[in-house]
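K.L.:
For reference, the file coords-v2.cif (mmCIF, C-alpha atoms and all ligand atoms) is included below:
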```cif
data_run
loop_
_atom_site.label_atom_id
_atom_site.label_comp_id
_atom_site.auth_asym_id
_atom_site.auth_seq_id
_atom_site.Cartn_x
_atom_site.Cartn_y
_atom_site.Cartn_z
CA MET U 1208 -26.12 -56.64 66.40
CA LYS U 1209 -23.79 -53.64 66.09
CA GLN U 1210 -24.65 -50.26 67.66
CA LYS U 1211 -25.45 -47.71 64.98
CA ASN U 1212 -23.23 -44.89 66.25
CA GLU U 1213 -20.20 -46.95 67.15
CA PRO U 1214 -17.49 -46.63 64.54
CA SER U 1215 -16.38 -49.87 62.99
CA PHE U 1216 -12.75 -50.95 63.36
CA ASP U 1217 -12.06 -49.85 59.76
CA GLU U 1218 -13.52 -46.42 60.33
CA SER U 1219 -11.51 -45.67 63.47
CA VAL U 1220 -8.25 -46.63 61.74
CA LEU U 1221 -9.24 -44.24 59.01
CA ASN U 1222 -9.84 -41.48 61.55
CA ILE U 1223 -6.46 -41.96 63.17
CA LYS U 1224 -4.87 -41.94 59.72
CA SER U 1225 -6.48 -38.67 58.70
CA VAL U 1226 -5.47 -37.01 61.97
CA LEU U 1227 -1.89 -38.14 61.34
CA TYR U 1228 -2.00 -36.84 57.78
CA PHE U 1229 -3.31 -33.54 59.05
CA ILE U 1230 -0.50 -33.19 61.60
CA VAL U 1231 2.17 -34.02 59.01
CA ILE U 1232 0.76 -31.49 56.56
CA ALA U 1233 0.47 -28.84 59.27
CA ILE U 1234 4.11 -29.35 60.27
CA MET U 1235 5.22 -29.16 56.65
CA ALA U 1236 3.28 -25.95 56.13
CA LEU U 1237 4.81 -24.48 59.28
CA ILE U 1238 8.33 -25.31 58.13
CA PHE U 1239 7.54 -23.80 54.75
CA PHE U 1240 6.27 -20.52 56.23
CA ILE U 1241 9.23 -20.20 58.60
CA PHE U 1242 11.49 -20.79 55.61
CA GLN U 1243 9.71 -18.13 53.57
CA ILE U 1244 10.12 -15.55 56.36
CA PHE U 1245 13.89 -15.99 56.32
CA ASN U 1246 14.07 -16.46 52.57
CA THR U 1247 14.55 -12.92 51.31
CA SER U 1248 15.90 -13.87 47.91
CA GLY U 1249 12.49 -15.08 46.77
CA SER U 1250 14.08 -17.76 44.63
CA ILE U 1251 12.33 -20.82 46.02
CA ILE U 1252 8.83 -19.48 45.52
CA PRO U 1253 8.59 -16.30 43.46
CA LEU U 1254 7.19 -13.70 45.82
CA PRO U 1255 4.57 -11.47 44.21
CA LYS U 1256 6.61 -8.81 42.51
CA PHE U 1257 5.79 -7.20 39.21
CA GLN U 1258 9.18 -6.41 37.79
CA ALA U 1259 12.02 -7.65 35.66
CA PHE U 1260 13.31 -11.09 36.43
CA GLU U 1261 15.93 -13.16 34.78
CA VAL U 1262 15.31 -16.04 32.47
CA ASP U 1263 17.22 -18.37 34.78
CA SER U 1264 14.61 -18.00 37.49
CA ILE U 1265 11.96 -19.38 35.16
CA GLN U 1266 14.21 -21.85 33.44
CA SER U 1267 15.54 -23.46 36.58
CA LYS U 1268 12.06 -24.66 37.55
CA ALA U 1269 11.94 -27.48 35.03
CA PRO U 1270 14.65 -29.27 33.13
CA SER U 1271 14.85 -28.01 29.52
CA LYS U 1272 12.94 -30.28 27.23
CA TYR U 1273 14.61 -28.96 24.09
CA SER U 1274 18.36 -28.85 23.56
CA LYS U 1275 20.56 -28.64 20.47
CA SER U 1276 20.24 -32.38 19.93
CA SER U 1277 16.43 -32.47 20.19
CA GLU U 1278 14.69 -33.93 17.17
CA ASN U 1279 11.23 -32.78 18.14
CA TYR U 1280 9.41 -29.67 17.07
CA TRP U 1281 9.01 -27.12 19.82
CA ILE U 1282 5.75 -27.05 21.73
CA ALA U 1283 5.12 -24.04 23.98
CA PRO U 1284 4.87 -24.74 27.70
CA ASP U 1285 1.39 -24.76 29.16
CA ILE U 1286 0.36 -21.53 30.87
CA THR U 1287 -2.19 -23.35 33.05
CA SER U 1288 0.83 -24.94 34.75
CA LEU U 1289 1.44 -21.51 36.31
CA LYS U 1290 -1.77 -21.53 38.26
CA GLY U 1291 -1.30 -19.78 41.57
CA SER U 1292 2.16 -18.59 40.70
CA ALA U 1293 2.81 -14.91 41.17
CA LEU U 1294 4.09 -14.67 37.61
CA GLU U 1295 0.88 -15.96 36.10
CA SER U 1296 -0.97 -12.66 35.75
CA GLN U 1297 2.09 -10.89 34.35
CA ILE U 1298 2.65 -13.61 31.76
CA LEU U 1299 -1.02 -13.67 30.81
CA TYR U 1300 -0.94 -9.89 30.33
CA GLY U 1301 2.09 -10.35 28.07
CA LYS U 1302 0.20 -12.89 25.98
CA GLU U 1303 -2.81 -10.57 25.83
CA LEU U 1304 -0.60 -7.73 24.54
CA ILE U 1305 0.78 -9.97 21.78
CA GLN U 1306 -2.73 -11.01 20.73
CA ASN U 1307 -4.54 -7.69 21.12
CA THR U 1308 -1.78 -5.11 20.75
CA ALA U 1309 -4.04 -2.55 19.09
CA LYS U 1310 -6.54 -2.58 21.95
CA TYR U 1311 -3.84 -1.36 24.35
CA LEU U 1312 -1.24 0.33 22.16
CA GLY U 1313 -2.84 1.01 18.75
CA PRO U 1314 -4.20 4.32 17.42
CA LYS U 1315 -7.11 3.98 19.88
CA GLY U 1316 -5.09 2.17 22.53
CA SER U 1317 -6.24 2.27 26.15
CA VAL U 1318 -2.69 2.43 27.55
CA ALA U 1319 -0.85 4.46 24.90
CA GLN U 1320 -1.19 5.28 21.21
CA ILE U 1321 2.13 4.19 19.78
CA SER U 1322 1.45 1.75 16.92
CA ASN U 1323 -0.41 1.27 13.65
CA GLY U 1324 -3.40 -0.88 14.63
CA MET U 1325 -1.80 -4.23 13.86
CA ASN U 1326 -1.36 -6.91 16.49
CA CYS U 1327 1.93 -8.73 17.08
CA GLN U 1328 -0.07 -11.89 16.53
CA ASN U 1329 -0.89 -10.87 12.93
CA CYS U 1330 2.67 -11.97 12.11
CA HIS U 1331 3.57 -14.07 15.18
CA LEU U 1332 0.70 -16.50 14.84
CA ASP U 1333 -1.15 -18.17 17.72
CA ALA U 1334 0.37 -15.69 20.17
CA GLY U 1335 3.84 -16.60 18.93
CA THR U 1336 3.53 -20.37 19.35
CA LYS U 1337 2.73 -21.74 15.86
CA ILE U 1338 5.39 -23.97 14.32
CA TYR U 1339 7.12 -21.92 11.59
CA GLY U 1340 4.47 -19.25 12.18
CA ASN U 1341 7.23 -16.81 13.19
CA ASN U 1342 7.01 -18.05 16.78
CA TYR U 1343 9.01 -16.92 19.80
CA GLY U 1344 10.37 -20.38 20.74
CA SER U 1345 14.02 -19.35 20.49
CA VAL U 1346 13.83 -15.80 21.84
CA ALA U 1347 14.60 -16.57 25.50
CA SER U 1348 17.34 -19.04 24.59
CA THR U 1349 19.17 -16.78 22.11
CA PHE U 1350 18.83 -13.23 23.49
CA PRO U 1351 20.79 -11.20 24.34
CA LYS U 1352 22.71 -11.70 21.12
CA PHE U 1353 24.80 -9.79 18.60
CA ARG U 1354 22.78 -8.65 15.60
CA ALA U 1355 24.51 -7.35 12.50
CA ARG U 1356 21.60 -5.02 11.65
CA SER U 1357 22.45 -2.76 14.59
CA GLY U 1358 26.03 -3.95 14.96
CA THR U 1359 25.44 -4.28 18.70
CA GLU U 1360 24.48 -6.84 21.29
CA GLU U 1361 20.69 -6.66 21.58
CA ASN U 1362 18.45 -7.70 24.43
CA ILE U 1363 14.77 -8.68 24.25
CA TYR U 1364 13.64 -5.09 24.87
CA LYS U 1365 15.54 -3.86 21.84
CA ARG U 1366 14.19 -6.66 19.66
CA VAL U 1367 10.59 -6.10 20.76
CA ASN U 1368 10.94 -2.35 20.14
CA ASP U 1369 12.38 -3.07 16.68
CA CYS U 1370 9.03 -4.65 15.78
CA PHE U 1371 7.12 -1.76 17.39
CA GLU U 1372 9.09 0.78 15.35
CA ARG U 1373 9.14 -1.16 12.09
CA SER U 1374 6.50 -3.88 11.82
CA LEU U 1375 3.98 -1.76 13.74
CA ASN U 1376 5.39 1.46 12.29
CA GLY U 1377 5.28 3.04 15.74
CA GLN U 1378 7.17 4.21 18.79
CA PRO U 1379 9.24 2.13 21.21
CA LEU U 1380 7.79 1.05 24.55
CA ASP U 1381 9.49 2.28 27.70
CA THR U 1382 11.50 -0.72 28.86
CA THR U 1383 10.38 -0.24 32.47
CA SER U 1384 6.67 -0.11 31.59
CA ALA U 1385 4.34 -2.83 32.83
CA GLU U 1386 3.61 -3.66 29.18
CA MET U 1387 7.24 -4.26 28.17
CA GLN U 1388 7.87 -6.22 31.34
CA ALA U 1389 4.84 -8.40 30.65
CA ILE U 1390 5.87 -9.02 27.03
CA LYS U 1391 9.33 -10.00 28.17
CA ALA U 1392 7.91 -12.25 30.89
CA TYR U 1393 5.72 -14.00 28.32
CA MET U 1394 8.67 -14.59 25.99
CA LEU U 1395 10.86 -15.90 28.79
CA PHE U 1396 8.04 -18.21 29.79
CA LEU U 1397 7.59 -19.48 26.21
CA GLY U 1398 11.30 -20.26 26.03
CA SER U 1399 11.47 -21.78 29.49
CA ASN U 1400 11.58 -25.30 28.06
CA VAL U 1401 14.47 -24.51 25.69
CA GLU U 1402 18.09 -24.81 26.75
CA LYS U 1403 20.13 -21.59 26.61
CA GLY U 1404 21.90 -21.21 23.26
CA THR U 1405 19.54 -23.53 21.39
CA VAL U 1406 17.61 -22.50 18.28
CA VAL U 1407 14.74 -24.90 18.74
CA LYS U 1408 13.30 -26.89 15.83
CA GLY U 1409 10.24 -25.24 14.26
CA SER U 1410 10.89 -21.76 15.68
CA GLY U 1411 10.84 -18.56 13.64
CA LEU U 1412 10.34 -19.06 9.91
CA LYS U 1413 11.10 -22.09 7.73
CA ASP U 1414 13.82 -21.63 5.14
CA LEU U 1415 12.90 -21.50 1.49
CA LEU U 1416 15.12 -22.22 -1.52
CA PHE U 1417 16.01 -19.38 -3.88
CA LEU U 1418 14.44 -19.39 -7.33
CA ASP U 1419 16.65 -19.53 -10.42
CA ARG U 1420 15.03 -16.33 -11.63
CA ALA U 1421 14.10 -12.97 -10.18
CA ALA U 1422 10.79 -12.86 -8.30
CA ASN U 1423 8.07 -11.42 -10.53
CA PRO U 1424 5.61 -8.79 -9.22
CA GLU U 1425 3.26 -9.20 -12.23
CA SER U 1426 2.77 -12.93 -11.61
CA GLY U 1427 2.49 -12.10 -7.92
CA LYS U 1428 -0.38 -9.72 -8.61
CA LYS U 1429 -2.40 -12.45 -10.35
CA ILE U 1430 -1.89 -14.87 -7.49
CA TYR U 1431 -2.71 -12.13 -5.00
CA LEU U 1432 -6.04 -11.38 -6.62
CA ALA U 1433 -6.88 -15.08 -6.78
CA LYS U 1434 -5.77 -16.21 -3.33
CA CYS U 1435 -5.34 -13.27 -0.98
CA ALA U 1436 -7.57 -10.36 -1.97
CA SER U 1437 -10.71 -12.01 -0.57
CA CYS U 1438 -9.43 -11.23 2.93
CA HIS U 1439 -6.70 -8.61 2.59
CA MET U 1440 -8.71 -6.74 -0.12
CA ALA U 1441 -7.65 -5.81 -3.64
CA ASP U 1442 -6.21 -2.52 -2.36
CA GLY U 1443 -4.19 -4.35 0.33
CA LYS U 1444 -5.70 -2.27 3.12
CA GLY U 1445 -7.27 -5.21 4.93
CA VAL U 1446 -10.54 -5.13 6.88
CA LYS U 1447 -11.02 -3.42 10.24
CA ALA U 1448 -13.04 -5.19 12.91
CA GLN U 1449 -16.43 -3.69 13.73
CA ASP U 1450 -15.15 -1.93 16.84
CA GLY U 1451 -12.68 -0.08 14.62
CA ILE U 1452 -9.82 -0.92 16.99
CA ALA U 1453 -8.00 -3.87 15.41
CA TYR U 1454 -8.13 -5.71 12.09
CA THR U 1455 -10.08 -8.80 11.16
CA TYR U 1456 -7.80 -9.01 8.11
CA PRO U 1457 -4.64 -6.97 8.56
CA PRO U 1458 -3.28 -4.63 5.87
CA LEU U 1459 -0.46 -5.78 3.59
CA TRP U 1460 0.44 -2.35 2.28
CA GLY U 1461 -0.62 1.30 2.59
CA SER U 1462 -0.24 3.70 5.50
CA ASN U 1463 -1.32 1.24 8.22
CA SER U 1464 1.04 -1.55 7.19
CA TYR U 1465 4.61 -2.41 8.23
CA ASN U 1466 7.26 0.06 7.08
CA MET U 1467 10.28 -0.37 4.82
CA GLY U 1468 12.56 -1.09 7.76
CA ALA U 1469 10.51 -4.14 8.81
CA GLY U 1470 11.53 -7.78 8.53
CA LEU U 1471 8.68 -8.60 6.13
CA TYR U 1472 9.91 -5.97 3.70
CA ARG U 1473 12.69 -8.40 2.80
CA LEU U 1474 11.37 -10.75 0.12
CA SER U 1475 12.80 -13.88 1.76
CA ASN U 1476 11.03 -13.25 5.07
CA PHE U 1477 7.73 -12.50 3.36
CA ALA U 1478 8.00 -15.58 1.13
CA LYS U 1479 8.85 -17.84 4.09
CA TYR U 1480 6.00 -16.46 6.15
CA VAL U 1481 3.29 -16.81 3.48
CA LYS U 1482 4.51 -20.15 2.12
CA TYR U 1483 3.83 -21.90 5.44
CA ASN U 1484 1.04 -19.72 6.86
CA MET U 1485 -1.12 -18.22 4.11
CA PRO U 1486 -3.84 -18.29 2.92
CA LEU U 1487 -5.05 -18.45 6.51
CA GLY U 1488 -5.02 -22.07 7.66
CA ALA U 1489 -1.89 -23.15 5.76
CA THR U 1490 0.78 -24.87 7.88
CA TYR U 1491 4.28 -26.18 7.31
CA GLU U 1492 2.70 -29.63 7.00
CA ALA U 1493 0.01 -28.45 4.59
CA PRO U 1494 1.32 -25.46 2.64
CA GLN U 1495 -0.99 -24.12 -0.07
CA LEU U 1496 1.45 -22.13 -2.19
CA THR U 1497 4.34 -23.25 -4.39
CA ASP U 1498 7.77 -21.70 -3.72
CA GLU U 1499 7.40 -19.68 -6.92
CA GLU U 1500 4.03 -18.31 -5.85
CA ALA U 1501 5.41 -17.33 -2.43
CA TRP U 1502 8.37 -15.42 -3.95
CA ASP U 1503 6.21 -13.72 -6.59
CA LEU U 1504 3.64 -12.68 -3.97
CA ALA U 1505 6.48 -11.20 -1.90
CA ALA U 1506 7.68 -9.28 -4.96
CA PHE U 1507 4.19 -7.93 -5.67
CA VAL U 1508 3.25 -6.93 -2.12
CA ASN U 1509 6.64 -5.37 -1.40
CA SER U 1510 6.36 -3.29 -4.62
CA GLN U 1511 3.31 -1.45 -3.27
CA SER U 1512 3.47 1.80 -1.32
CA ARG U 1513 4.01 1.71 2.44
CA PRO U 1514 5.49 3.91 5.17
CA THR U 1515 9.19 4.63 4.89
CA LYS U 1516 11.59 4.44 7.81
CA ALA U 1517 14.96 6.14 7.99
CA THR U 1518 17.44 3.63 9.37
CA PRO U 1519 20.81 5.37 9.02
CA ASN U 1520 22.36 3.22 11.73
CA ASP U 1521 21.40 -0.14 10.25
CA TRP U 1522 24.14 -2.48 9.02
CA PRO U 1523 27.21 -0.54 10.16
CA ASP U 1524 29.22 -3.31 8.44
CA ILE U 1525 27.70 -3.39 4.94
CA SER U 1526 29.30 -6.75 4.15
CA LYS U 1527 26.92 -8.26 6.73
CA LYS U 1528 23.75 -7.12 4.91
CA PRO U 1529 21.47 -10.02 4.04
CA ILE U 1530 21.46 -10.93 0.36
CA ASP U 1531 17.92 -9.59 -0.06
CA HIS U 1532 18.38 -6.31 1.81
CA PRO U 1533 16.83 -3.88 -0.68
CA PHE U 1534 18.88 -0.79 0.19
CA GLY U 1535 22.51 -0.14 -0.79
CA PRO U 1536 25.35 0.54 -0.51
CA TYR U 1537 26.63 -3.02 -0.85
CA SER U 1538 30.02 -4.63 -0.57
CA ASP U 1539 29.44 -6.49 -3.88
CA GLN U 1540 28.74 -5.38 -7.45
CA PHE U 1541 25.03 -6.28 -7.58
CA ASP U 1542 22.51 -3.43 -7.73
CA GLU U 1543 19.54 -2.62 -5.47
CA LYS U 1544 17.08 -4.16 -7.90
CA GLN U 1545 18.79 -7.54 -7.88
CA HIS U 1546 19.22 -7.36 -4.09
CA LYS U 1547 15.49 -6.75 -3.80
CA TYR U 1548 14.01 -9.18 -6.34
CA GLY U 1549 16.82 -11.58 -7.18
CA PRO U 1550 17.97 -13.76 -8.81
CA PHE U 1551 19.68 -14.35 -5.47
CA LYS U 1552 21.82 -17.38 -6.31
CA PRO U 1553 24.58 -15.37 -8.07
CA ILE U 1554 24.74 -13.02 -5.05
CA ALA U 1555 24.93 -15.96 -2.65
CA GLU U 1556 27.67 -17.61 -4.72
CA ALA U 1557 29.72 -14.42 -4.92
CA LYS U 1558 29.45 -14.02 -1.18
CA LYS U 1559 30.52 -17.60 -0.58
CA SER U 1560 33.58 -17.40 -2.84
CA LYS U 1561 34.62 -14.14 -1.11
CA GLN U 1562 34.39 -15.84 2.29
CA ASN U 1563 36.42 -18.81 1.09
CA LYS U 1564 39.28 -16.60 -0.10
C1 LIG H 1601 4.25 -7.20 10.09
C2 LIG H 1601 4.70 -8.39 10.74
C3 LIG H 1601 5.17 -8.33 12.18
C4 LIG H 1601 4.52 -7.81 13.25
C5 LIG H 1601 3.17 -7.14 13.28
C6 LIG H 1601 5.38 -8.03 14.40
N1 LIG H 1601 6.51 -8.68 14.01
FE1 LIG H 1601 8.01 -9.32 15.24
N2 LIG H 1601 8.97 -10.12 13.64
C7 LIG H 1601 8.51 -10.10 12.34
C8 LIG H 1601 9.45 -10.79 11.48
C9 LIG H 1601 9.31 -11.01 9.98
C10 LIG H 1601 10.51 -11.23 12.32
C11 LIG H 1601 11.78 -11.97 11.91
C12 LIG H 1601 12.66 -10.96 11.27
C13 LIG H 1601 14.04 -11.39 10.93
O1 LIG H 1601 14.46 -12.46 11.37
O2 LIG H 1601 14.69 -10.61 10.23
C14 LIG H 1601 10.17 -10.78 13.66
C15 LIG H 1601 10.95 -11.04 14.78
C16 LIG H 1601 10.60 -10.74 16.09
C17 LIG H 1601 11.35 -11.13 17.26
C18 LIG H 1601 12.66 -11.95 17.26
C19 LIG H 1601 12.36 -13.42 17.08
C20 LIG H 1601 13.58 -14.31 17.12
O3 LIG H 1601 13.39 -15.54 17.22
O4 LIG H 1601 14.70 -13.83 17.04
C21 LIG H 1601 10.68 -10.67 18.34
C22 LIG H 1601 11.07 -10.83 19.79
C23 LIG H 1601 9.50 -9.98 17.85
N3 LIG H 1601 9.48 -10.06 16.48
C24 LIG H 1601 8.55 -9.37 18.64
C25 LIG H 1601 7.42 -8.73 18.15
C26 LIG H 1601 6.46 -8.05 19.00
C27 LIG H 1601 6.52 -7.96 20.50
C28 LIG H 1601 5.51 -7.54 18.17
C29 LIG H 1601 4.32 -6.68 18.53
C30 LIG H 1601 4.66 -5.47 19.24
C31 LIG H 1601 5.86 -7.92 16.81
N4 LIG H 1601 7.02 -8.62 16.85
C32 LIG H 1601 5.10 -7.63 15.70
C33 LIG H 1601 7.34 -9.54 11.88
C34 LIG H 1601 6.42 -8.89 12.66
C1 LIG H 1602 -9.19 -16.37 4.81
C2 LIG H 1602 -8.59 -15.06 4.95
C3 LIG H 1602 -7.16 -14.88 4.50
C4 LIG H 1602 -6.62 -15.17 3.28
C5 LIG H 1602 -7.31 -15.78 2.07
C6 LIG H 1602 -5.24 -14.75 3.34
N1 LIG H 1602 -4.95 -14.22 4.56
FE1 LIG H 1602 -3.21 -13.39 5.17
N2 LIG H 1602 -3.95 -13.12 7.01
C7 LIG H 1602 -5.23 -13.39 7.40
C8 LIG H 1602 -5.36 -13.12 8.81
C9 LIG H 1602 -6.63 -13.28 9.64
C10 LIG H 1602 -4.11 -12.71 9.26
C11 LIG H 1602 -3.72 -12.36 10.70
C12 LIG H 1602 -3.58 -13.65 11.48
C13 LIG H 1602 -3.76 -13.49 12.95
O1 LIG H 1602 -3.82 -12.37 13.46
O2 LIG H 1602 -3.86 -14.54 13.63
C14 LIG H 1602 -3.23 -12.68 8.09
C15 LIG H 1602 -1.91 -12.26 8.12
C16 LIG H 1602 -1.13 -12.09 6.99
C17 LIG H 1602 0.17 -11.47 6.97
C18 LIG H 1602 0.93 -10.88 8.14
C19 LIG H 1602 0.26 -9.66 8.67
C20 LIG H 1602 0.31 -8.46 7.76
O3 LIG H 1602 -0.76 -7.87 7.55
O4 LIG H 1602 1.38 -8.09 7.26
C21 LIG H 1602 0.63 -11.53 5.67
C22 LIG H 1602 1.95 -11.03 5.15
C23 LIG H 1602 -0.40 -12.20 4.90
N3 LIG H 1602 -1.46 -12.51 5.72
C24 LIG H 1602 -0.31 -12.47 3.56
C25 LIG H 1602 -1.26 -13.18 2.83
C26 LIG H 1602 -1.10 -13.58 1.45
C27 LIG H 1602 0.10 -13.26 0.58
C28 LIG H 1602 -2.21 -14.28 1.12
C29 LIG H 1602 -2.52 -14.99 -0.18
C30 LIG H 1602 -1.69 -16.12 -0.49
C31 LIG H 1602 -3.10 -14.29 2.27
N4 LIG H 1602 -2.47 -13.62 3.30
C32 LIG H 1602 -4.35 -14.87 2.30
C33 LIG H 1602 -6.25 -13.86 6.60
C34 LIG H 1602 -6.10 -14.28 5.31
#
```
Written as structure tokens, how would this file's structure read?

P.N.:
Amino acid sequence: MKQKNEPSFDESVLNIKSVLYFIVIAIMALIFFIFQIFNTSGSIIPLPKFQAFEVDSIQSKAPSKYSKSSENYWIAPDITSLKGSALESQILYGKELIQNTAKYLGPKGSVAQISNGMNCQNCHLDAGTKIYGNNYGSVASTFPKFRARSGTEENIYKRVNDCFERSLNGQPLDTTSAEMQAIKAYMLFLGSNVEKGTVVKGSGLKDLLFLDRAANPESGKKIYLAKCASCHMADGKGVKAQDGIAYTYPPLWGSNSYNMGAGLYRLSNFAKYVKYNMPLGATYEAPQLTDEEAWDLAAFVNSQSRPTKATPNDWPDISKKPIDHPFGPYSDQFDEKQHKYGPFKPIAEAKKSKQNK
């Protein structure tokens, strides 16, 4: 019979093996730490620092899944993959600011009071990750870029502050603040699986065809009362959450809504957004509105009162104004009314024939 305490042959081999494993791991860890001491650049493992970093440092970690030739819709990278990384808390704070902007930066914000009570997520759905829900999939890959609205090359800070000043009818964030840095970090992270220069499939808003007629605010009003007013209210003011800090249903017009300089104030952007996202629950795969309804809703909502915004420096080259930019002067013969409500096809055709000359 075998002694109870004596290890079997199998067990002792196992013991030797685990000792060997331990030694190998210990040596590897030692090499790693010595390397880290001499590695001042911090590029192998991001050392804990809470400041601006370049997109390349995130992007170089994994090969880009999405390039110009990709057929697949963009899916945001998984934040849980960052576990233990020094960037994790910064990126999570950025996501939190997109989802709960008002809590930190709204009229009762805990960090600063610089915006109207809306959250970025009200328009950039699912924290800026929803397909055709105005997501941020192509921000990291396309910024900095030239934008005709300002006539300058814009970086992510400028673009984020555009939405603060227009969509949230507020003040710009200091670019060196922890909040701006976190928002930027989150956007760079979201775009970390997209190759530089690529506008990834499913990002931003989905294009919509022009109607043959002008968009009609009266028809839009009927559709609004039938399909939207239950949440956004008949007066368009939305519904505040019980804590009075953010909205359960955000406002579509009135003093707490986006101002006239905002992206949604252009009928095409509004129509594209609602067609594939509203009423709440609609998706690009299961839209609930016809194209006509989306355009007419845009015409109705953008005919209601809302904050104004002086933008004297917008569109320094007026020939670059989008077809549906509602404020003149224009480089064509169409008036402000047609540029606001359409019909847009004649404007588009005139523009095309000018370019072909
Ligand atoms: C009222 C709706 C609304 C809100 C709220 C809003 N945005 Fe936007 N945002 C838009 C629209 C619409 C566009 C696209 C405009 C265009 O292309 O002309 C946009 C575009 C952007 C872009 C550029 C996207 C790209 O792919 O080029 C960034 C970045 C951005 N928003 C950040 C933010 C941040 C950060 C917040 C919160 C502080 C915010 N937005 C809040 C409506 C909104
Ligand atoms: C069931 C409730 C519900 C209905 C119905 C609904 N919405 Fe919304 N809507 C929301 C919510 C909630 C948000 C903000 C989403 C978020 O923060 O994730 C929103 C956001 C919006 C936004 C962007 C934010 C803003 O306030 O500017 C617009 C524009 C919008 N809805 C338009 C419409 C239109 C037009 C209709 C009718 C076709 C409609 N909604 C129907 C709940 C609803």

K.L.:
Quick one: pull the distance between CA of Asp1521 in chain U and atom C27 of ligand LIG 1601 (chain H), Å, one decimal.

P.N.:
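Interatomic distance, CA of Asp1521 in chain U to atom C27 of ligand LIG 1601 (chain H): 19.7 Å.
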
K.L.:
Please write as a ChimeraX atom specification the list of polymer residues whose atoms come within 7 Å of (4.4, -10.8, -9.1), counting all atoms listed in the file and keeping to the coordinates of the file.

P.N.:
/U:1422-1428,1503-1504,1506-1507

K.L.:
Give the residues close to ligand LIG 1601 (chain H), within 7 Å, counting only C-alpha atoms and all ligand atoms; write them as number ranges by chain.

P.N.:
U: 1305, 1308, 1325-1331, 1341-1346, 1363, 1366-1367, 1370-1371, 1374-1375, 1390, 1410-1411, 1465, 1469-1471, 1476-1477

K.L.:
First collect every listed atom of ligand LIG 1602 (chain H); then fit an axis-aligned box around them, widen it by 4 Å on each side, and give centre and edge lengths in Å to one decimal, as JSON.

P.N.:
```
{"center_x": -3.6, "center_y": -12.1, "center_z": 6.6, "size_x": 19.1, "size_y": 16.5, "size_z": 22.1}
```

K.L.:
Just want the residues within 8 Å of ligand LIG 1602 (chain H), written as a ChimeraX atom specification, counting all atoms listed in the file.

P.N.:
/U:1306,1325-1334,1430-1431,1433-1439,1445,1455-1460,1464-1465,1471,1477,1480-1482,1484-1488,1496,1501,1504-1505,1508

K.L.:
Of the residues U:Lys1479, U:Arg1473, U:Lys1558, U:Lys1447, which is the one nearest to Gly1324 in chain U, using all atoms listed in the file?

P.N.:
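For Gly1324 in chain U, the nearest of the given residues is U:Lys1447.
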
K.L.:
Which is closer to Leu1397 in chain U than all the others in U:Ile1298, U:Ala1355, U:Leu1415, U:Val1318, using all atoms listed in the file?

P.N.:
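Result for the nearest residue to Leu1397 in chain U: U:Ile1298.
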
K.L.:
Counting all atoms listed in the file, what is within 12 Å of Tyr1300 in chain U, bar same-chain residues fewer than 4 positions away, as a list in words?

P.N.:
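Near neighbours after the sequence-gap exclusion: Phe1257, Ile1286, Leu1294, Glu1295, Ser1296, Leu1304, Ile1305, Gln1306, Asn1307, Thr1308, Tyr1311, Ala1334, Ala1385, Glu1386, Met1387, Gln1388, Ala1389, Ile1390, Lys1391, Ala1392, Tyr1393 and Met1394 of chain U.
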
K.L.:
With all atoms listed in the file as the atoms that count, which of U:Gly1335, U:Gly1404, U:Gly1340, U:Gly1358 lies nearest to Ser1276 in chain U?

P.N.:
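Among U:Gly1335, U:Gly1404, U:Gly1340, U:Gly1358, it is U:Gly1404 that comes nearest to Ser1276 in chain U.
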
K.L.:
To one decimal place in Å, what is the distance between CA of Glu1402 in chain U and CA of Ser1274 in chain U?

P.N.:
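If I compute the distance from CA of Glu1402 in chain U to CA of Ser1274 in chain U, I get 5.2 Å.
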
K.L.:
Quick one: residues within 12 Å of Ala1319 in chain U, only C-alpha atoms, excluding same-chain residues fewer than 4 positions away - as a count of residues only?

P.N.:
18

K.L.:
Have a look at U:Arg1354, U:Lys1337, U:Lys1561, U:Arg1513 and name the one nearest to Tyr1472 in chain U; count only C-alpha atoms.

P.N.:
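Ranking U:Arg1354, U:Lys1337, U:Lys1561, U:Arg1513 by distance to Tyr1472 in chain U, first place goes to U:Arg1513.
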
K.L.:
If you measure from CA of Ala1283 in chain U to CA of Glu1303 in chain U, what distance in Å do you get, rounded to one decimal?

P.N.:
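Interatomic distance here is 15.7 Å.
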
K.L.:
Give me the residues near range 1530-1542 of chain U as a PyMOL selection string, where near means some atom within 9 Å (using all atoms listed in the file) and where sequence neighbours in that chain fewer than 5 positions away do not count.

P.N.:
chain U and resi 1472-1475+1525+1547-1549+1551+1554-1555+1557-1558

K.L.:
I need the residues from that last selection saved to file as a compact mmCIF listing (two decimals), in the frame of the given file (with C-alpha atoms), if you can.

P.N.:
```txt
# COMPACT_ATOMS: atom_id res chain seq x y z
CA TYR U 1472 9.91 -5.97 3.70
CA ARG U 1473 12.69 -8.40 2.80
CA LEU U 1474 11.37 -10.75 0.12
CA SER U 1475 12.80 -13.88 1.76
CA ILE U 1525 27.70 -3.39 4.94
CA LYS U 1547 15.49 -6.75 -3.80
CA TYR U 1548 14.01 -9.18 -6.34
CA GLY U 1549 16.82 -11.58 -7.18
CA PHE U 1551 19.68 -14.35 -5.47
CA ILE U 1554 24.74 -13.02 -5.05
CA ALA U 1555 24.93 -15.96 -2.65
CA ALA U 1557 29.72 -14.42 -4.92
CA LYS U 1558 29.45 -14.02 -1.18
```
